[in-house]
file entry-v6.csv (CSV, C-alpha atoms)
chain,number,residue,atom,x,y,z
A,1,ALA,CA,19.3,-1.6,-12.6
A,2,ASP,CA,21.6,-4.4,-11.3
A,3,ALA,CA,20.8,-8.1,-10.8
A,4,PRO,CA,19.8,-9.8,-8.7
A,5,LEU,CA,16.4,-8.3,-7.9
A,6,ALA,CA,15.9,-10.9,-5.2
A,7,ARG,CA,18.3,-12.6,-2.8
A,8,ALA,CA,18.1,-14.9,0.2
A,9,ALA,CA,20.2,-15.3,3.3
A,10,LEU,CA,20.0,-17.7,6.3
A,11,PHE,CA,21.2,-16.7,9.7
A,12,GLN,CA,21.7,-19.1,12.7
A,13,LEU,CA,21.0,-17.3,16.0
A,14,GLY,CA,21.1,-20.4,18.3
A,15,ASP,CA,21.0,-24.2,18.3
A,16,ASP,CA,17.4,-24.2,17.2
A,17,GLU,CA,16.8,-20.7,16.1
A,18,TRP,CA,17.2,-19.6,12.5
A,19,VAL,CA,16.2,-16.5,10.5
A,20,PHE,CA,15.6,-16.7,6.8
A,21,VAL,CA,15.7,-13.3,5.0
A,22,TRP,CA,14.2,-12.9,1.6
A,23,THR,CA,14.9,-9.5,0.0
A,24,PHE,CA,13.3,-8.5,-3.3
A,25,HIS,CA,12.3,-5.5,-5.4
A,26,HIS,CA,8.6,-4.8,-5.5
A,27,MET,CA,8.5,-5.1,-9.3
A,28,LEU,CA,8.8,-8.9,-8.9
A,29,ALA,CA,5.7,-9.5,-6.8
A,30,ASP,CA,2.9,-7.9,-4.9
A,31,GLY,CA,1.1,-8.6,-1.7
A,32,GLN,CA,-1.2,-11.2,-3.1
A,33,SER,CA,1.8,-13.1,-4.4
A,34,TYR,CA,3.8,-13.3,-1.1
A,35,VAL,CA,1.8,-15.9,0.8
A,36,ARG,CA,1.8,-18.2,-2.3
A,37,LEU,CA,5.6,-17.8,-2.8
A,38,ILE,CA,6.4,-18.4,0.8
A,39,ASN,CA,4.1,-21.4,1.0
A,40,GLU,CA,5.7,-22.9,-2.0
A,41,GLY,CA,9.2,-22.3,-0.7
A,42,PHE,CA,8.5,-23.9,2.6
A,43,ALA,CA,6.7,-26.8,1.0
A,44,LEU,CA,9.9,-27.6,-0.8
A,45,TYR,CA,11.8,-27.2,2.5
A,46,ASP,CA,9.5,-29.5,4.3
A,47,ALA,CA,9.8,-32.1,1.4
A,48,ALA,CA,13.6,-31.8,1.6
A,49,ARG,CA,13.6,-32.6,5.3
A,50,GLY,CA,11.2,-35.5,4.9
A,51,ALA,CA,8.2,-33.8,6.4
A,52,GLY,CA,6.1,-33.4,3.2
A,53,THR,CA,5.9,-34.2,-0.5
A,54,GLU,CA,7.3,-32.1,-3.2
A,55,SER,CA,4.1,-31.3,-5.2
A,56,LEU,CA,3.6,-27.8,-6.4
A,57,PRO,CA,0.8,-26.6,-8.7
A,58,PRO,CA,2.0,-25.6,-12.2
A,59,PRO,CA,2.7,-21.8,-12.2
A,60,ARG,CA,0.5,-19.5,-14.3
A,61,ALA,CA,2.5,-17.1,-16.6
A,62,PHE,CA,2.5,-13.4,-15.9
A,63,SER,CA,2.9,-12.5,-19.6
A,64,PRO,CA,-0.8,-12.7,-20.5
A,65,PHE,CA,-1.5,-9.9,-17.9
A,66,ALA,CA,1.4,-7.9,-19.4
A,67,THR,CA,-0.1,-8.2,-22.8
A,68,TRP,CA,-3.6,-7.3,-21.5
A,69,LEU,CA,-2.2,-4.3,-19.6
A,70,ASP,CA,-0.4,-2.9,-22.7
A,71,ALA,CA,-3.5,-3.2,-24.8
A,72,HIS,CA,-5.7,-1.8,-22.1
A,73,ARG,CA,-3.5,1.3,-21.5
A,74,ARG,CA,-3.4,2.1,-25.2
A,75,GLN,CA,-7.2,1.7,-25.6
A,76,GLN,CA,-7.9,3.8,-22.4
A,77,LEU,CA,-5.4,6.5,-23.0
A,78,PRO,CA,-7.7,9.2,-24.4
A,79,ALA,CA,-10.4,8.6,-21.8
A,80,ALA,CA,-7.7,8.3,-19.0
A,81,GLU,CA,-6.2,11.7,-20.0
A,82,VAL,CA,-9.6,13.4,-19.8
A,83,PHE,CA,-10.3,11.7,-16.4
A,84,TRP,CA,-7.0,12.5,-14.7
A,85,ARG,CA,-6.8,16.1,-16.1
A,86,GLN,CA,-10.2,16.8,-14.6
A,87,ALA,CA,-9.5,14.9,-11.3
A,88,LEU,CA,-6.3,17.0,-10.7
A,89,SER,CA,-7.5,20.3,-12.2
A,90,GLY,CA,-6.1,23.2,-10.2
A,91,ILE,CA,-3.4,21.1,-8.5
A,92,ALA,CA,-0.1,22.8,-9.4
A,93,ALA,CA,2.2,21.4,-6.6
A,94,PRO,CA,2.3,18.5,-4.2
A,95,THR,CA,0.6,19.0,-0.9
A,96,PRO,CA,3.3,20.6,1.2
A,97,LEU,CA,4.5,18.7,4.3
A,98,PRO,CA,7.1,19.7,6.9
A,99,LEU,CA,10.0,18.1,5.0
A,100,LEU,CA,13.5,18.3,6.3
A,101,ARG,CA,16.3,19.4,4.0
A,102,ALA,CA,18.2,16.2,3.2
A,103,ASP,CA,22.0,16.3,2.8
A,104,PRO,CA,22.6,16.2,-1.0
A,105,GLY,CA,25.7,14.2,-0.4
A,106,VAL,CA,23.7,11.3,1.2
A,107,THR,CA,22.3,9.0,-1.5
A,108,THR,CA,20.4,6.5,0.8
A,109,GLY,CA,17.6,7.2,3.1
A,110,ASP,CA,17.3,6.6,6.8
A,111,HIS,CA,14.2,4.3,6.8
A,112,ARG,CA,12.3,4.2,10.1
A,113,GLU,CA,8.9,2.9,11.2
A,114,GLN,CA,6.4,3.7,14.0
A,115,THR,CA,3.4,1.5,14.6
A,116,ILE,CA,0.2,1.7,16.7
A,117,GLU,CA,-2.5,-1.0,17.0
A,118,LEU,CA,-6.1,0.0,17.7
A,119,SER,CA,-8.1,-2.1,20.1
A,120,VAL,CA,-10.4,-4.8,18.8
A,121,GLU,CA,-13.4,-2.9,20.2
A,122,ASP,CA,-12.4,0.3,18.4
A,123,THR,CA,-11.8,-1.6,15.2
A,124,ASP,CA,-15.2,-3.2,15.5
A,125,ARG,CA,-16.8,0.2,16.0
A,126,LEU,CA,-15.0,1.6,12.9
A,127,ASN,CA,-16.1,-1.3,10.7
A,128,THR,CA,-19.7,-0.9,12.0
A,129,TYR,CA,-19.6,2.8,11.3
A,130,ALA,CA,-18.0,2.3,7.8
A,131,ALA,CA,-20.7,-0.3,6.9
A,132,GLY,CA,-23.4,2.2,8.0
A,133,CYS,CA,-22.0,4.8,5.7
A,134,SER,CA,-21.7,2.2,2.8
A,135,VAL,CA,-17.9,2.6,2.8
A,136,THR,CA,-14.9,0.5,3.9
A,137,LEU,CA,-12.3,0.7,6.6
A,138,ASN,CA,-9.9,1.7,3.9
A,139,THR,CA,-12.1,4.8,3.1
A,140,LEU,CA,-12.0,5.8,6.8
A,141,VAL,CA,-8.2,5.5,6.9
A,142,GLN,CA,-7.8,7.6,3.7
A,143,ALA,CA,-10.2,10.2,5.2
A,144,ALA,CA,-8.3,10.3,8.5
A,145,TRP,CA,-4.9,10.7,6.6
A,146,ALA,CA,-6.4,13.5,4.4
A,147,LEU,CA,-7.3,15.4,7.6
A,148,VAL,CA,-3.8,14.8,9.1
A,149,ILE,CA,-2.0,16.2,6.1
A,150,SER,CA,-4.5,19.0,5.6
A,151,ARG,CA,-3.7,20.1,9.2
A,152,ALA,CA,0.0,19.7,8.6
A,153,SER,CA,0.0,21.7,5.3
A,154,GLY,CA,-2.7,24.2,6.0
A,155,ASP,CA,-4.4,23.2,2.7
A,156,ALA,CA,-8.1,22.2,2.5
A,157,ASP,CA,-7.5,20.5,-0.9
A,158,VAL,CA,-4.9,17.7,-0.5
A,159,VAL,CA,-3.4,15.0,-2.7
A,160,PHE,CA,-1.8,11.7,-1.6
A,161,GLY,CA,-1.0,8.4,-3.3
A,162,VAL,CA,-2.8,5.1,-2.9
A,163,THR,CA,-2.0,1.6,-4.2
A,164,ARG,CA,-4.6,-0.4,-5.9
A,165,ALA,CA,-4.5,-4.2,-6.3
A,166,GLY,CA,-5.1,-4.1,-10.0
A,167,ARG,CA,-6.2,-7.7,-10.5
A,168,ARG,CA,-10.0,-7.4,-10.6
A,169,ALA,CA,-11.6,-7.2,-14.1
A,170,THR,CA,-8.3,-8.0,-15.9
A,171,ILE,CA,-7.6,-11.6,-17.1
A,172,GLU,CA,-9.1,-14.9,-16.0
A,173,ARG,CA,-7.8,-16.2,-12.7
A,174,ALA,CA,-5.5,-13.2,-12.2
A,175,GLU,CA,-5.6,-14.0,-8.5
A,176,ASP,CA,-3.5,-17.2,-9.1
A,177,ILE,CA,-0.6,-15.4,-10.8
A,178,VAL,CA,2.6,-14.4,-9.1
A,179,GLY,CA,3.8,-11.0,-10.1
A,180,SER,CA,3.3,-7.3,-9.6
A,181,PHE,CA,-0.3,-6.2,-10.5
A,182,ILE,CA,-0.5,-3.1,-8.2
A,183,ASN,CA,-0.4,0.4,-9.4
A,184,THR,CA,-0.1,3.7,-7.5
A,185,VAL,CA,-2.5,6.6,-8.3
A,186,PRO,CA,-3.2,10.0,-6.8
A,187,VAL,CA,-6.3,10.6,-4.6
A,188,ARG,CA,-7.6,14.1,-4.1
A,189,ALA,CA,-9.6,15.0,-1.0
A,190,THR,CA,-11.3,18.4,-0.3
A,191,ILE,CA,-12.0,19.2,3.4
A,192,ASP,CA,-15.2,21.2,4.0
A,193,PRO,CA,-15.9,21.7,7.7
A,194,ASP,CA,-19.6,22.2,6.9
A,195,THR,CA,-20.0,18.8,5.3
A,196,MET,CA,-21.2,15.8,7.4
A,197,VAL,CA,-18.5,13.2,7.9
A,198,SER,CA,-20.7,10.4,6.6
A,199,ASP,CA,-21.5,12.4,3.4
A,200,TRP,CA,-17.8,13.2,2.9
A,201,LEU,CA,-16.8,9.5,3.3
A,202,ARG,CA,-19.4,8.5,0.7
A,203,SER,CA,-18.0,11.1,-1.7
A,204,LEU,CA,-14.5,9.6,-1.2
A,205,ARG,CA,-15.8,6.1,-1.8
A,206,HIS,CA,-17.6,7.4,-5.0
A,207,GLN,CA,-14.3,8.9,-6.1
A,208,ALA,CA,-12.5,5.6,-5.6
A,209,ARG,CA,-15.1,3.8,-7.7
A,210,GLN,CA,-14.6,6.4,-10.5
A,211,ILE,CA,-10.9,5.7,-10.5
A,212,GLY,CA,-11.6,2.0,-11.1
A,213,PRO,CA,-11.6,2.0,-14.9
A,214,PHE,CA,-8.4,4.1,-14.9
A,215,GLU,CA,-6.5,2.5,-12.0
A,216,HIS,CA,-3.9,1.0,-14.4
A,217,THR,CA,-2.9,4.4,-15.8
A,218,SER,CA,0.9,5.0,-15.6
A,219,LEU,CA,1.8,7.4,-12.9
A,220,VAL,CA,4.2,9.0,-15.4
A,221,ASP,CA,1.2,9.8,-17.6
A,222,VAL,CA,-0.9,11.1,-14.7
A,223,GLN,CA,2.0,13.4,-13.7
A,224,LYS,CA,2.3,14.6,-17.3
A,225,TRP,CA,-1.4,15.5,-17.5
A,226,SER,CA,-1.3,17.4,-14.2
A,227,ALA,CA,-0.3,21.1,-13.7
A,228,VAL,CA,2.5,19.9,-11.3
A,229,PRO,CA,5.8,20.9,-13.0
A,230,ALA,CA,8.0,18.1,-14.4
A,231,GLY,CA,10.6,16.9,-11.9
A,232,GLN,CA,8.3,17.5,-8.9
A,233,PRO,CA,6.3,14.6,-7.4
A,234,LEU,CA,2.5,14.5,-7.4
A,235,PHE,CA,2.5,13.7,-3.7
A,236,HIS,CA,4.8,13.3,-0.7
A,237,SER,CA,2.7,10.6,1.1
A,238,LEU,CA,1.3,7.3,0.2
A,239,ILE,CA,-1.3,4.9,1.7
A,240,VAL,CA,-1.0,1.1,1.3
A,241,PHE,CA,-4.1,-0.7,2.8
A,242,THR,CA,-3.9,-4.4,3.1
A,243,PRO,CA,-6.7,-6.6,4.6
A,244,ARG,CA,-4.4,-8.9,6.5
A,245,LEU,CA,-0.8,-9.2,7.9
A,246,ILE,CA,1.1,-11.8,6.0
A,247,GLY,CA,2.3,-13.4,9.2
A,248,ALA,CA,-1.2,-13.8,10.5
A,249,VAL,CA,-2.4,-15.4,7.4
A,250,LEU,CA,0.5,-17.9,7.4
A,251,ARG,CA,0.1,-18.8,11.1
A,252,GLU,CA,-3.6,-19.5,10.7
A,253,GLN,CA,-2.6,-22.5,8.4
A,254,GLY,CA,-1.4,-24.3,11.5
A,255,GLY,CA,1.2,-27.0,11.6
A,256,ALA,CA,4.8,-25.8,11.5
A,257,TRP,CA,3.6,-22.3,10.9
A,258,THR,CA,2.5,-22.0,14.5
A,259,HIS,CA,6.2,-22.0,15.4
A,260,ARG,CA,7.3,-19.5,12.7
A,261,ASP,CA,7.3,-15.8,13.0
A,262,VAL,CA,7.0,-13.9,9.8
A,263,VAL,CA,7.8,-10.2,9.7
A,264,PHE,CA,7.3,-8.1,6.5
A,265,ARG,CA,9.2,-4.8,6.0
A,266,GLU,CA,8.5,-2.6,3.0
A,267,GLN,CA,10.2,0.6,1.9
A,268,THR,CA,8.8,3.0,-0.7
A,269,ASN,CA,10.4,5.9,-2.5
A,270,VAL,CA,8.2,8.6,-1.0
A,271,PRO,CA,9.0,10.5,2.2
A,272,VAL,CA,6.2,9.0,4.2
A,273,THR,CA,4.0,5.9,3.7
A,274,LEU,CA,1.1,4.8,5.8
A,275,PHE,CA,0.6,1.1,5.9
A,276,ALA,CA,-2.8,0.0,7.3
A,277,TYR,CA,-3.8,-3.6,8.0
A,278,GLY,CA,-7.4,-4.4,8.4
A,279,GLU,CA,-6.8,-7.1,11.1
A,280,ARG,CA,-9.3,-7.9,13.9
A,281,ALA,CA,-7.3,-5.1,15.7
A,282,CYS,CA,-6.4,-2.6,13.0
A,283,VAL,CA,-2.6,-1.9,12.7
A,284,LEU,CA,-1.3,1.4,11.5
A,285,LYS,CA,2.4,1.7,10.6
A,286,LEU,CA,4.0,4.9,9.5
A,287,ALA,CA,7.2,4.3,7.5
A,288,PHE,CA,9.3,7.4,6.8
A,289,ASP,CA,12.6,8.7,5.6
A,290,ALA,CA,14.1,10.3,8.7
A,291,ARG,CA,16.2,12.6,6.4
A,292,LYS,CA,12.9,14.2,5.3
A,293,ILE,CA,10.4,13.6,8.1
A,294,SER,CA,11.4,14.0,11.8
A,295,PRO,CA,10.5,11.1,14.1
A,296,ASP,CA,8.6,13.6,16.3
A,297,VAL,CA,6.4,14.7,13.4
A,298,ALA,CA,5.8,11.0,12.5
A,299,ALA,CA,4.7,10.2,16.1
A,300,ARG,CA,2.4,13.2,16.2
A,301,TRP,CA,0.8,12.2,12.9
A,302,LEU,CA,0.1,8.7,14.2
A,303,ALA,CA,-1.4,10.1,17.4
A,304,GLN,CA,-3.6,12.4,15.3
A,305,LEU,CA,-4.7,9.4,13.1
A,306,GLU,CA,-5.7,7.5,16.2
A,307,THR,CA,-7.6,10.5,17.6
A,308,ILE,CA,-9.5,11.1,14.3
A,309,LEU,CA,-10.5,7.5,13.8
A,310,ALA,CA,-11.7,7.4,17.4
A,311,ALA,CA,-13.7,10.5,16.8
A,312,MET,CA,-15.3,8.9,13.7
call {"tool": "encode", "arguments": {"input": "entry-v6.csv", "output": "structure tokens"}}
result
Amino acid sequence: ADAPLARAALFQLGDDEWVFVWTFHHMLADGQSYVRLINEGFALYDAARGAGTESLPPPRAFSPFATWLDAHRRQQLPAAEVFWRQALSGIAAPTPLPLLRADPGVTTGDHREQTIELSVEDTDRLNTYAAGCSVTLNTLVQAAWALVISRASGDADVVFGVTRAGRRATIERAEDIVGSFINTVPVRATIDPDTMVSDWLRSLRHQARQIGPFEHTSLVDVQKWSAVPAGQPLFHSLIVFTPRLIGAVLREQGGAWTHRDVVFREQTNVPVTLFAYGERACVLKLAFDARKISPDVAARWLAQLETILAAM
């Protein structure tokens, strides 16, 4: 609600060690924008110190996408309502998780993170298995998380949120635009012990494809069309799958980037978020509000994720 939505700070830690911190609200840009923005910023920096030329490509405006999105949502509204009502039929409450009772007098969360990295060998095996099932690594991560929260809640029918990139099949050269295209939508997973894992994974992938035409639907509308009472969230957990770590992409450019370490920290407004990165060695990071999820529970969930993926 208050400007600025972005700010920058520079800290000197030693004679030749500096940290540049860029803080911004997610509404300004999404994951596909970060590398472009950082590269442009450091291109200007290199030019200023005489190590490059100040030559940036002309920016493409975000407004054509905003216009497209407005028209698309209005056109899709009747069909989107039918789709989401059917997709969430019978869901009257968010999947229950062992949430702690936060102090109502505390207005800010206690944001914490726990991370595990799978081995290259296990990641290769997961990708091979996913390809054999005609699904993606993202599908396997979603399935594993569905099993974790099913075990935690005792429910065989669970709902969690996922972010979708939202650029494909929109406007021409959407991939070149800086801005926030992503949208968060609910995913429902039903666990049946008698179903083969490969068949279940394919059904989850089929569901993801069905969401495609309606991935831009406002989460406010989806909530309104569900049986979950107003004022309650549709889900307590969220999955954000990203093919690469930003730092890894930048370092691969070589040059000065081989001496720069880039760390990306993201905080959402749900109690627990699983960030998965499809690197050569898959990285799984669980970010959580420690006022609502205990660190011990978070650690147990990460261990269960690793066990389930290994079993797959």
call {"tool": "residues_around", "arguments": {"input": "entry-v6.csv", "residues": "Trp301 (chain A)", "least_positions_apart": "3", "cutoff": "9 Å", "atoms": "all atoms listed in the file", "output": "list in words"}}
result
Trp145, Val148, Ile149, Ala152, Leu286, Asp296, Val297, Ala298, Gln304, Leu305 and Glu306 of chain A
call {"tool": "residues_near_point", "arguments": {"input": "entry-v6.csv", "point": "(-5.4, 4.8, -21.8)", "cutoff": "12 Å", "atoms": "all atoms listed in the file", "output": "ChimeraX atom specification"}}
result
/A:69-84,213-219,221-222
call {"tool": "atom_distance", "arguments": {"input": "entry-v6.csv", "atom1": "CA of Ala299 (chain A)", "atom2": "CA of Arg244 (chain A)"}}
result
23.2 Å
call {"tool": "closest_residue", "arguments": {"input": "entry-v6.csv", "among": "A:Gly179, A:Pro233, A:Gly90, A:Gly132", "to": "Ala29 (chain A)", "atoms": "all atoms listed in the file"}}
result
A:Gly179
call {"tool": "closest_residue", "arguments": {"input": "entry-v6.csv", "among": "A:Ala66, A:Ala287, A:Ala276, A:Ala310", "to": "Thr170 (chain A)", "atoms": "only C-alpha atoms"}}
result
A:Ala66
call {"tool": "closest_residue", "arguments": {"input": "entry-v6.csv", "among": "A:Val240, A:Pro58, A:Arg300, A:Ser180", "to": "Gln267 (chain A)", "atoms": "only C-alpha atoms"}}
result
A:Val240
call {"tool": "residues_around", "arguments": {"input": "entry-v6.csv", "residues": "region 40-48 of chain A", "least_positions_apart": "5", "cutoff": "12 Å", "atoms": "all atoms listed in the file", "output": "PyMOL selection string"}}
result
chain A and resi 8+20+22+33-35+53-59+178+250+255-257+260
call {"tool": "residues_around", "arguments": {"input": "entry-v6.csv", "residues": "Arg151 (chain A)", "least_positions_apart": "3", "cutoff": "12 Å", "atoms": "only C-alpha atoms", "output": "number ranges by chain"}}
result
A: 95-98, 144-148, 154-158, 191, 300-301, 304-305, 308
call {"tool": "residues_near_point", "arguments": {"input": "entry-v6.csv", "point": "(-0.7, -13.2, -18.1)", "cutoff": "10 Å", "atoms": "all atoms listed in the file", "output": "PyMOL selection string"}}
result
chain A and resi 60-69+170-174+177-179
call {"tool": "residues_around", "arguments": {"input": "entry-v6.csv", "residues": "Leu10 (chain A)", "least_positions_apart": "3", "cutoff": "8 Å", "atoms": "all atoms listed in the file", "output": "list in words"}}
result
Trp18, Val19, Phe20 and Val21 of chain A
call {"tool": "closest_residue", "arguments": {"input": "entry-v6.csv", "among": "A:Thr268, A:Thr115, A:Thr273, A:Gln142", "to": "Met27 (chain A)", "atoms": "all atoms listed in the file"}}
result
A:Thr268
call {"tool": "closest_residue", "arguments": {"input": "entry-v6.csv", "among": "A:Gly52, A:Ile293, A:Cys133, A:Arg85", "to": "Trp225 (chain A)", "atoms": "all atoms listed in the file"}}
result
A:Arg85
call {"tool": "residues_around", "arguments": {"input": "entry-v6.csv", "residues": "Leu309 (chain A)", "least_positions_apart": "6", "cutoff": "12 Å", "atoms": "only C-alpha atoms", "output": "JSON, numbers by chain"}}
result
{"A": [118, 119, 122, 123, 124, 125, 126, 127, 129, 130, 137, 138, 139, 140, 141, 142, 143, 144, 145, 146, 147, 148, 197, 282, 284, 302, 303]}
call {"tool": "atom_distance", "arguments": {"input": "entry-v6.csv", "atom1": "CA of Arg164 (chain A)", "atom2": "CA of Thr184 (chain A)"}}
result
6.3 Å
call {"tool": "closest_residue", "arguments": {"input": "entry-v6.csv", "among": "A:Ala165, A:Met196, A:Leu234, A:Ile91", "to": "Gly212 (chain A)", "atoms": "all atoms listed in the file"}}
result
A:Ala165
call {"tool": "atom_distance", "arguments": {"input": "entry-v6.csv", "atom1": "CA of Arg112 (chain A)", "atom2": "CA of Lys285 (chain A)"}}
result
10.2 Å
call {"tool": "decode", "arguments": {"input": "entry-v6.csv", "residues": "region 204-219 of chain A", "atoms": "N, CA, C and O atoms", "output": "mmCIF file, in the first residue's frame"}}
result
data_model
loop_
_atom_site.group_PDB
_atom_site.id
_atom_site.type_symbol
_atom_site.label_atom_id
_atom_site.label_comp_id
_atom_site.auth_asym_id
_atom_site.auth_seq_id
_atom_site.Cartn_x
_atom_site.Cartn_y
_atom_site.Cartn_z
ATOM 1 N N LEU A 204 -2.503 -36.619 -12.582
ATOM 2 C CA LEU A 204 -2.151 -35.287 -12.106
ATOM 3 C C LEU A 204 -1.667 -34.404 -13.253
ATOM 4 O O LEU A 204 -1.990 -33.211 -13.324
ATOM 5 N N ARG A 205 -0.901 -34.998 -14.163
ATOM 6 C CA ARG A 205 -0.425 -34.246 -15.327
ATOM 7 C C ARG A 205 -1.604 -33.860 -16.221
ATOM 8 O O ARG A 205 -1.659 -32.730 -16.742
ATOM 9 N N HIS A 206 -2.551 -34.767 -16.398
ATOM 10 C CA HIS A 206 -3.753 -34.475 -17.196
ATOM 11 C C HIS A 206 -4.539 -33.337 -16.561
ATOM 12 O O HIS A 206 -5.028 -32.431 -17.267
ATOM 13 N N GLN A 207 -4.648 -33.354 -15.252
ATOM 14 C CA GLN A 207 -5.351 -32.283 -14.552
ATOM 15 C C GLN A 207 -4.652 -30.945 -14.776
ATOM 16 O O GLN A 207 -5.310 -29.914 -14.981
ATOM 17 N N ALA A 208 -3.319 -30.938 -14.733
ATOM 18 C CA ALA A 208 -2.566 -29.706 -14.946
ATOM 19 C C ALA A 208 -2.832 -29.141 -16.332
ATOM 20 O O ALA A 208 -2.947 -27.921 -16.520
ATOM 21 N N ARG A 209 -2.935 -30.030 -17.333
ATOM 22 C CA ARG A 209 -3.231 -29.568 -18.693
ATOM 23 C C ARG A 209 -4.640 -28.992 -18.777
ATOM 24 O O ARG A 209 -4.889 -28.021 -19.501
ATOM 25 N N GLN A 210 -5.577 -29.582 -18.057
ATOM 26 C CA GLN A 210 -6.943 -29.071 -18.064
ATOM 27 C C GLN A 210 -7.034 -27.682 -17.445
ATOM 28 O O GLN A 210 -7.865 -26.861 -17.855
ATOM 29 N N ILE A 211 -6.180 -27.418 -16.469
ATOM 30 C CA ILE A 211 -6.171 -26.097 -15.837
ATOM 31 C C ILE A 211 -5.678 -25.038 -16.814
ATOM 32 O O ILE A 211 -6.075 -23.865 -16.728
ATOM 33 N N GLY A 212 -4.847 -25.424 -17.781
ATOM 34 C CA GLY A 212 -4.209 -24.487 -18.698
ATOM 35 C C GLY A 212 -5.083 -23.347 -19.198
ATOM 36 O O GLY A 212 -4.736 -22.167 -19.034
ATOM 37 N N PRO A 213 -6.248 -23.618 -19.812
ATOM 38 C CA PRO A 213 -7.076 -22.524 -20.328
ATOM 39 C C PRO A 213 -7.613 -21.599 -19.247
ATOM 40 O O PRO A 213 -8.061 -20.493 -19.551
ATOM 41 N N PHE A 214 -7.562 -22.054 -17.986
ATOM 42 C CA PHE A 214 -8.147 -21.271 -16.898
ATOM 43 C C PHE A 214 -7.107 -20.856 -15.857
ATOM 44 O O PHE A 214 -7.452 -20.490 -14.744
ATOM 45 N N GLU A 215 -5.817 -20.894 -16.258
ATOM 46 C CA GLU A 215 -4.760 -20.603 -15.299
ATOM 47 C C GLU A 215 -4.674 -19.126 -14.934
ATOM 48 O O GLU A 215 -3.981 -18.761 -13.973
ATOM 49 N N HIS A 216 -5.356 -18.265 -15.680
ATOM 50 C CA HIS A 216 -5.335 -16.832 -15.370
ATOM 51 C C HIS A 216 -6.522 -16.404 -14.514
ATOM 52 O O HIS A 216 -6.662 -15.218 -14.213
ATOM 53 N N THR A 217 -7.366 -17.339 -14.122
ATOM 54 C CA THR A 217 -8.521 -16.991 -13.299
ATOM 55 C C THR A 217 -8.065 -16.412 -11.969
ATOM 56 O O THR A 217 -7.165 -16.943 -11.323
ATOM 57 N N SER A 218 -8.683 -15.330 -11.556
ATOM 58 C CA SER A 218 -8.345 -14.720 -10.281
ATOM 59 C C SER A 218 -8.626 -15.688 -9.143
ATOM 60 O O SER A 218 -9.687 -16.321 -9.091
ATOM 61 N N LEU A 219 -7.676 -15.797 -8.209
ATOM 62 C CA LEU A 219 -7.862 -16.673 -7.060
ATOM 63 C C LEU A 219 -9.055 -16.211 -6.213
ATOM 64 O O LEU A 219 -9.710 -17.024 -5.562
#
